[in-house]
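Here is the structure we will look at, set down as C-alpha coordinates.
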Amino acid sequence: MRFKGLPLALLLICTAARAQTSAPPSATAPRPAVAVVNLRFDGEHANVLQAGDTAIVAAATSNLLATLAASDRLALVDSTTVATAVAVVEGSGNPCDNSCAVAVARKVGARWVAKGTISNLSNLVWLLTAELFDATTGKPVLADSYEIKGDAARMAPAAAHVFAQRVEKTIAEKGSR
(Lines give C-alpha, C1' and ligand atoms only; values in the text may rest on other atoms or scores of the structure.)
Protein backbone atom coordinates (compact mmCIF):
# COMPACT_ATOMS: atom_id res chain seq x y z
CA MET A 1 0.00 0.00 0.00
CA ARG A 2 3.03 2.30 0.21
CA PHE A 3 3.07 2.59 -3.62
CA LYS A 4 -0.34 4.17 -4.12
CA GLY A 5 1.19 7.28 -5.68
CA LEU A 6 3.58 5.38 -7.94
CA PRO A 7 1.18 4.74 -10.86
CA LEU A 8 0.14 8.41 -10.89
CA ALA A 9 3.77 9.56 -10.70
CA LEU A 10 4.72 7.16 -13.49
CA LEU A 11 1.83 8.44 -15.62
CA LEU A 12 2.93 12.05 -15.09
CA ILE A 13 6.54 11.24 -16.00
CA CYS A 14 5.46 9.39 -19.16
CA THR A 15 3.12 12.21 -20.14
CA ALA A 16 5.85 14.82 -19.62
CA ALA A 17 8.33 12.79 -21.66
CA ARG A 18 5.83 12.34 -24.48
CA ALA A 19 5.05 16.06 -24.53
CA GLN A 20 8.74 16.84 -24.94
CA THR A 21 9.16 14.46 -27.90
CA SER A 22 5.97 15.47 -29.71
CA ALA A 23 6.33 18.09 -32.41
CA PRO A 24 4.58 21.35 -31.67
CA PRO A 25 1.50 22.03 -33.83
CA SER A 26 3.36 24.73 -35.77
CA ALA A 27 6.03 22.22 -36.80
CA THR A 28 3.62 19.94 -38.66
CA ALA A 29 4.17 19.60 -42.37
CA PRO A 30 2.49 22.34 -44.38
CA ARG A 31 -0.33 21.45 -46.71
CA PRO A 32 0.82 21.19 -50.33
CA ALA A 33 0.12 24.37 -52.28
CA VAL A 34 -1.86 24.17 -55.50
CA ALA A 35 -2.34 26.96 -58.04
CA VAL A 36 -5.27 26.97 -60.43
CA VAL A 37 -5.04 28.67 -63.80
CA ASN A 38 -8.57 29.78 -64.70
CA LEU A 39 -10.29 27.39 -67.06
CA ARG A 40 -10.34 28.62 -70.66
CA PHE A 41 -13.21 28.66 -73.11
CA ASP A 42 -12.64 27.05 -76.50
CA GLY A 43 -15.40 27.60 -79.02
CA GLU A 44 -13.36 26.72 -82.09
CA HIS A 45 -15.46 23.64 -82.91
CA ALA A 46 -18.81 24.97 -81.77
CA ASN A 47 -21.59 25.07 -84.31
CA VAL A 48 -23.15 28.02 -82.45
CA LEU A 49 -21.50 30.41 -80.00
CA GLN A 50 -23.71 32.07 -77.43
CA ALA A 51 -23.20 35.04 -75.15
CA GLY A 52 -23.40 32.88 -72.00
CA ASP A 53 -20.64 30.45 -73.03
CA THR A 54 -17.90 32.23 -71.09
CA ALA A 55 -20.18 32.50 -68.04
CA ILE A 56 -20.42 28.70 -68.03
CA VAL A 57 -16.63 28.46 -67.95
CA ALA A 58 -16.44 31.08 -65.19
CA ALA A 59 -18.95 29.09 -63.11
CA ALA A 60 -16.94 25.91 -63.61
CA THR A 61 -13.74 27.72 -62.58
CA SER A 62 -15.48 29.05 -59.47
CA ASN A 63 -16.63 25.55 -58.52
CA LEU A 64 -13.13 24.13 -59.09
CA LEU A 65 -11.63 26.81 -56.85
CA ALA A 66 -14.33 26.44 -54.17
CA THR A 67 -13.91 22.67 -54.00
CA LEU A 68 -10.13 22.92 -53.66
CA ALA A 69 -10.40 25.77 -51.13
CA ALA A 70 -12.64 23.59 -48.95
CA SER A 71 -10.02 20.85 -48.81
CA ASP A 72 -8.28 20.31 -45.51
CA ARG A 73 -5.40 18.56 -47.33
CA LEU A 74 -4.42 21.39 -49.69
CA ALA A 75 -3.48 25.04 -49.54
CA LEU A 76 -4.99 26.90 -52.49
CA VAL A 77 -2.91 29.78 -53.83
CA ASP A 78 -4.95 32.97 -54.05
CA SER A 79 -6.67 33.02 -57.46
CA THR A 80 -5.98 36.74 -57.97
CA THR A 81 -2.26 36.15 -57.45
CA VAL A 82 -2.31 33.33 -60.02
CA ALA A 83 -4.39 35.35 -62.51
CA THR A 84 -2.00 38.29 -62.20
CA ALA A 85 1.02 36.06 -62.85
CA VAL A 86 -0.74 34.53 -65.87
CA ALA A 87 -1.66 37.98 -67.21
CA VAL A 88 1.99 39.06 -67.06
CA VAL A 89 3.04 36.02 -69.10
CA GLU A 90 0.18 36.45 -71.56
CA GLY A 91 1.16 40.07 -72.11
CA SER A 92 3.31 38.81 -74.99
CA GLY A 93 0.14 37.73 -76.79
CA ASN A 94 0.50 33.98 -76.25
CA PRO A 95 -2.02 32.04 -74.15
CA CYS A 96 -0.72 30.31 -71.04
CA ASP A 97 0.22 26.79 -72.12
CA ASN A 98 1.46 23.91 -69.95
CA SER A 99 5.00 25.23 -69.50
CA CYS A 100 3.57 28.65 -68.66
CA ALA A 101 1.28 27.12 -66.02
CA VAL A 102 4.23 25.30 -64.44
CA ALA A 103 6.29 28.51 -64.45
CA VAL A 104 3.41 30.42 -62.84
CA ALA A 105 3.10 27.74 -60.14
CA ARG A 106 6.80 28.05 -59.37
CA LYS A 107 6.56 31.84 -59.29
CA VAL A 108 3.70 31.80 -56.77
CA GLY A 109 5.31 29.07 -54.65
CA ALA A 110 2.95 26.21 -55.51
CA ARG A 111 4.05 22.60 -55.79
CA TRP A 112 1.07 21.76 -58.04
CA VAL A 113 -0.84 23.53 -60.79
CA ALA A 114 -4.18 22.69 -62.37
CA LYS A 115 -5.39 24.03 -65.68
CA GLY A 116 -7.98 23.16 -68.27
CA THR A 117 -10.24 24.06 -71.13
CA ILE A 118 -13.96 23.82 -71.66
CA SER A 119 -14.90 23.36 -75.29
CA ASN A 120 -18.32 23.91 -76.78
CA LEU A 121 -18.71 21.10 -79.30
CA SER A 122 -22.42 21.60 -80.06
CA ASN A 123 -25.52 23.00 -78.45
CA LEU A 124 -25.79 19.93 -76.24
CA VAL A 125 -22.23 18.62 -75.87
CA TRP A 126 -19.35 20.32 -74.12
CA LEU A 127 -15.98 18.91 -73.07
CA LEU A 128 -13.86 19.72 -70.02
CA THR A 129 -10.23 18.70 -70.41
CA ALA A 130 -8.02 19.39 -67.43
CA GLU A 131 -4.59 18.50 -66.13
CA LEU A 132 -2.64 18.61 -62.91
CA PHE A 133 1.11 19.21 -63.12
CA ASP A 134 3.86 18.70 -60.59
CA ALA A 135 5.63 22.07 -60.70
CA THR A 136 8.90 20.61 -59.42
CA THR A 137 9.24 18.26 -62.39
CA GLY A 138 7.02 20.05 -64.89
CA LYS A 139 5.32 16.75 -65.70
CA PRO A 140 1.59 16.06 -65.78
CA VAL A 141 0.39 13.71 -63.04
CA LEU A 142 -3.32 13.75 -63.88
CA ALA A 143 -5.13 14.27 -67.18
CA ASP A 144 -8.92 14.09 -67.25
CA SER A 145 -11.65 14.81 -69.72
CA TYR A 146 -15.36 14.99 -69.01
CA GLU A 147 -18.04 14.96 -71.67
CA ILE A 148 -20.72 17.37 -70.54
CA LYS A 149 -24.19 16.70 -71.91
CA GLY A 150 -27.39 18.49 -71.12
CA ASP A 151 -27.56 21.79 -69.27
CA ALA A 152 -23.97 23.05 -69.50
CA ALA A 153 -24.60 25.77 -66.90
CA ARG A 154 -25.27 23.03 -64.35
CA MET A 155 -23.08 20.22 -65.65
CA ALA A 156 -19.82 22.12 -66.31
CA PRO A 157 -19.46 23.18 -62.65
CA ALA A 158 -20.29 19.60 -61.62
CA ALA A 159 -17.53 18.27 -63.88
CA ALA A 160 -15.10 20.84 -62.42
CA HIS A 161 -16.07 19.66 -58.93
CA VAL A 162 -15.25 16.05 -59.85
CA PHE A 163 -11.91 17.14 -61.32
CA ALA A 164 -11.13 19.04 -58.11
CA GLN A 165 -11.83 15.93 -56.06
CA ARG A 166 -9.47 13.95 -58.29
CA VAL A 167 -6.82 16.66 -57.90
CA GLU A 168 -7.09 16.43 -54.12
CA LYS A 169 -6.87 12.64 -54.19
CA THR A 170 -3.90 12.64 -56.59
CA ILE A 171 -1.95 15.13 -54.52
CA ALA A 172 -2.68 13.15 -51.36
CA GLU A 173 -1.41 9.98 -53.04
CA LYS A 174 1.70 11.65 -54.45
CA GLY A 175 2.36 13.43 -51.18
CA SER A 176 4.91 16.18 -50.87
CA ARG A 177 7.81 13.92 -51.88
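Identifiers in this document derive from the order of the C-alpha coordinates: chains are assigned A, B, ..., residues are numbered from 1 separately in each chain, and ligands are numbered from 1 in order of occurrence.
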message = Going by DSSP on the backbone, which residues of stretch 22-146 of chain A come out as strand (DSSP E or B)? List them as a PyMOL selection string.
response = chain A and resi 33-36+40-42+75-76+112-120+125-134+139-146
Go through stretch 75-140 of chain A residue by residue and, counting only C-alpha atoms, keep those with an atom at most 8 Å from stretch 30-50 of chain A; for each kept residue give the shortest atom pair and its distance in Å to one decimal, ordered by chain and increasing number, as a tab-separated table.
residue	atom	partner	partner_atom	distance
A:Ala75	CA	A:Ala33	CA	4.6
A:Leu76	CA	A:Val34	CA	5.1
A:Val77	CA	A:Ala35	CA	5.1
A:Asp78	CA	A:Ala35	CA	7.7
A:Ser79	CA	A:Val36	CA	6.9
A:Val82	CA	A:Val37	CA	6.6
A:Ala83	CA	A:Val37	CA	6.8
A:Val86	CA	A:Val37	CA	7.6
A:Ala101	CA	A:Val37	CA	6.9
A:Ala105	CA	A:Ala35	CA	5.9
A:Val108	CA	A:Ala35	CA	7.8
A:Gly109	CA	A:Ala33	CA	7.4
A:Ala110	CA	A:Ala33	CA	4.7
A:Arg111	CA	A:Ala33	CA	5.6
A:Trp112	CA	A:Val34	CA	4.6
A:Val113	CA	A:Ala35	CA	4.6
A:Ala114	CA	A:Val36	CA	4.8
A:Lys115	CA	A:Val37	CA	5.0
A:Gly116	CA	A:Leu39	CA	5.0
A:Thr117	CA	A:Arg40	CA	4.6
A:Ile118	CA	A:Phe41	CA	5.1
A:Ser119	CA	A:Asp42	CA	4.5
A:Asn120	CA	A:Ala46	CA	5.1
A:Leu121	CA	A:Ala46	CA	4.6
A:Ser122	CA	A:Ala46	CA	5.2
A:Asn123	CA	A:Val48	CA	6.8
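Atom to atom, atom CA of A:Asp97 and atom CA of A:Arg73 stand 26.7 Å apart.
Nearest residue to A:Val89, choosing from A:Asp72, A:Arg166, A:Lys107, A:Ile56 and counting only C-alpha atoms: A:Lys107.
Within 8 Å of A:Ala160, once only C-alpha atoms are used and residues closer than 2 positions along the same chain are dropped, the contacting residues are A:Ala60, A:Thr61, A:Asn63, A:Leu64, A:Leu128, A:Ala156, A:Pro157, A:Ala158, A:Val162, A:Phe163, A:Ala164.
In this structure, atom CA of A:Leu127 sits 19.9 Å away from atom CA of A:Val141.
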Among the residues of chain A, find those DSSP assigns to helix (DSSP H, G or I) from the backbone and print them as a ChimeraX atom specification.
/A:6-21,25-27,53-69,79-90,98-107,152-174
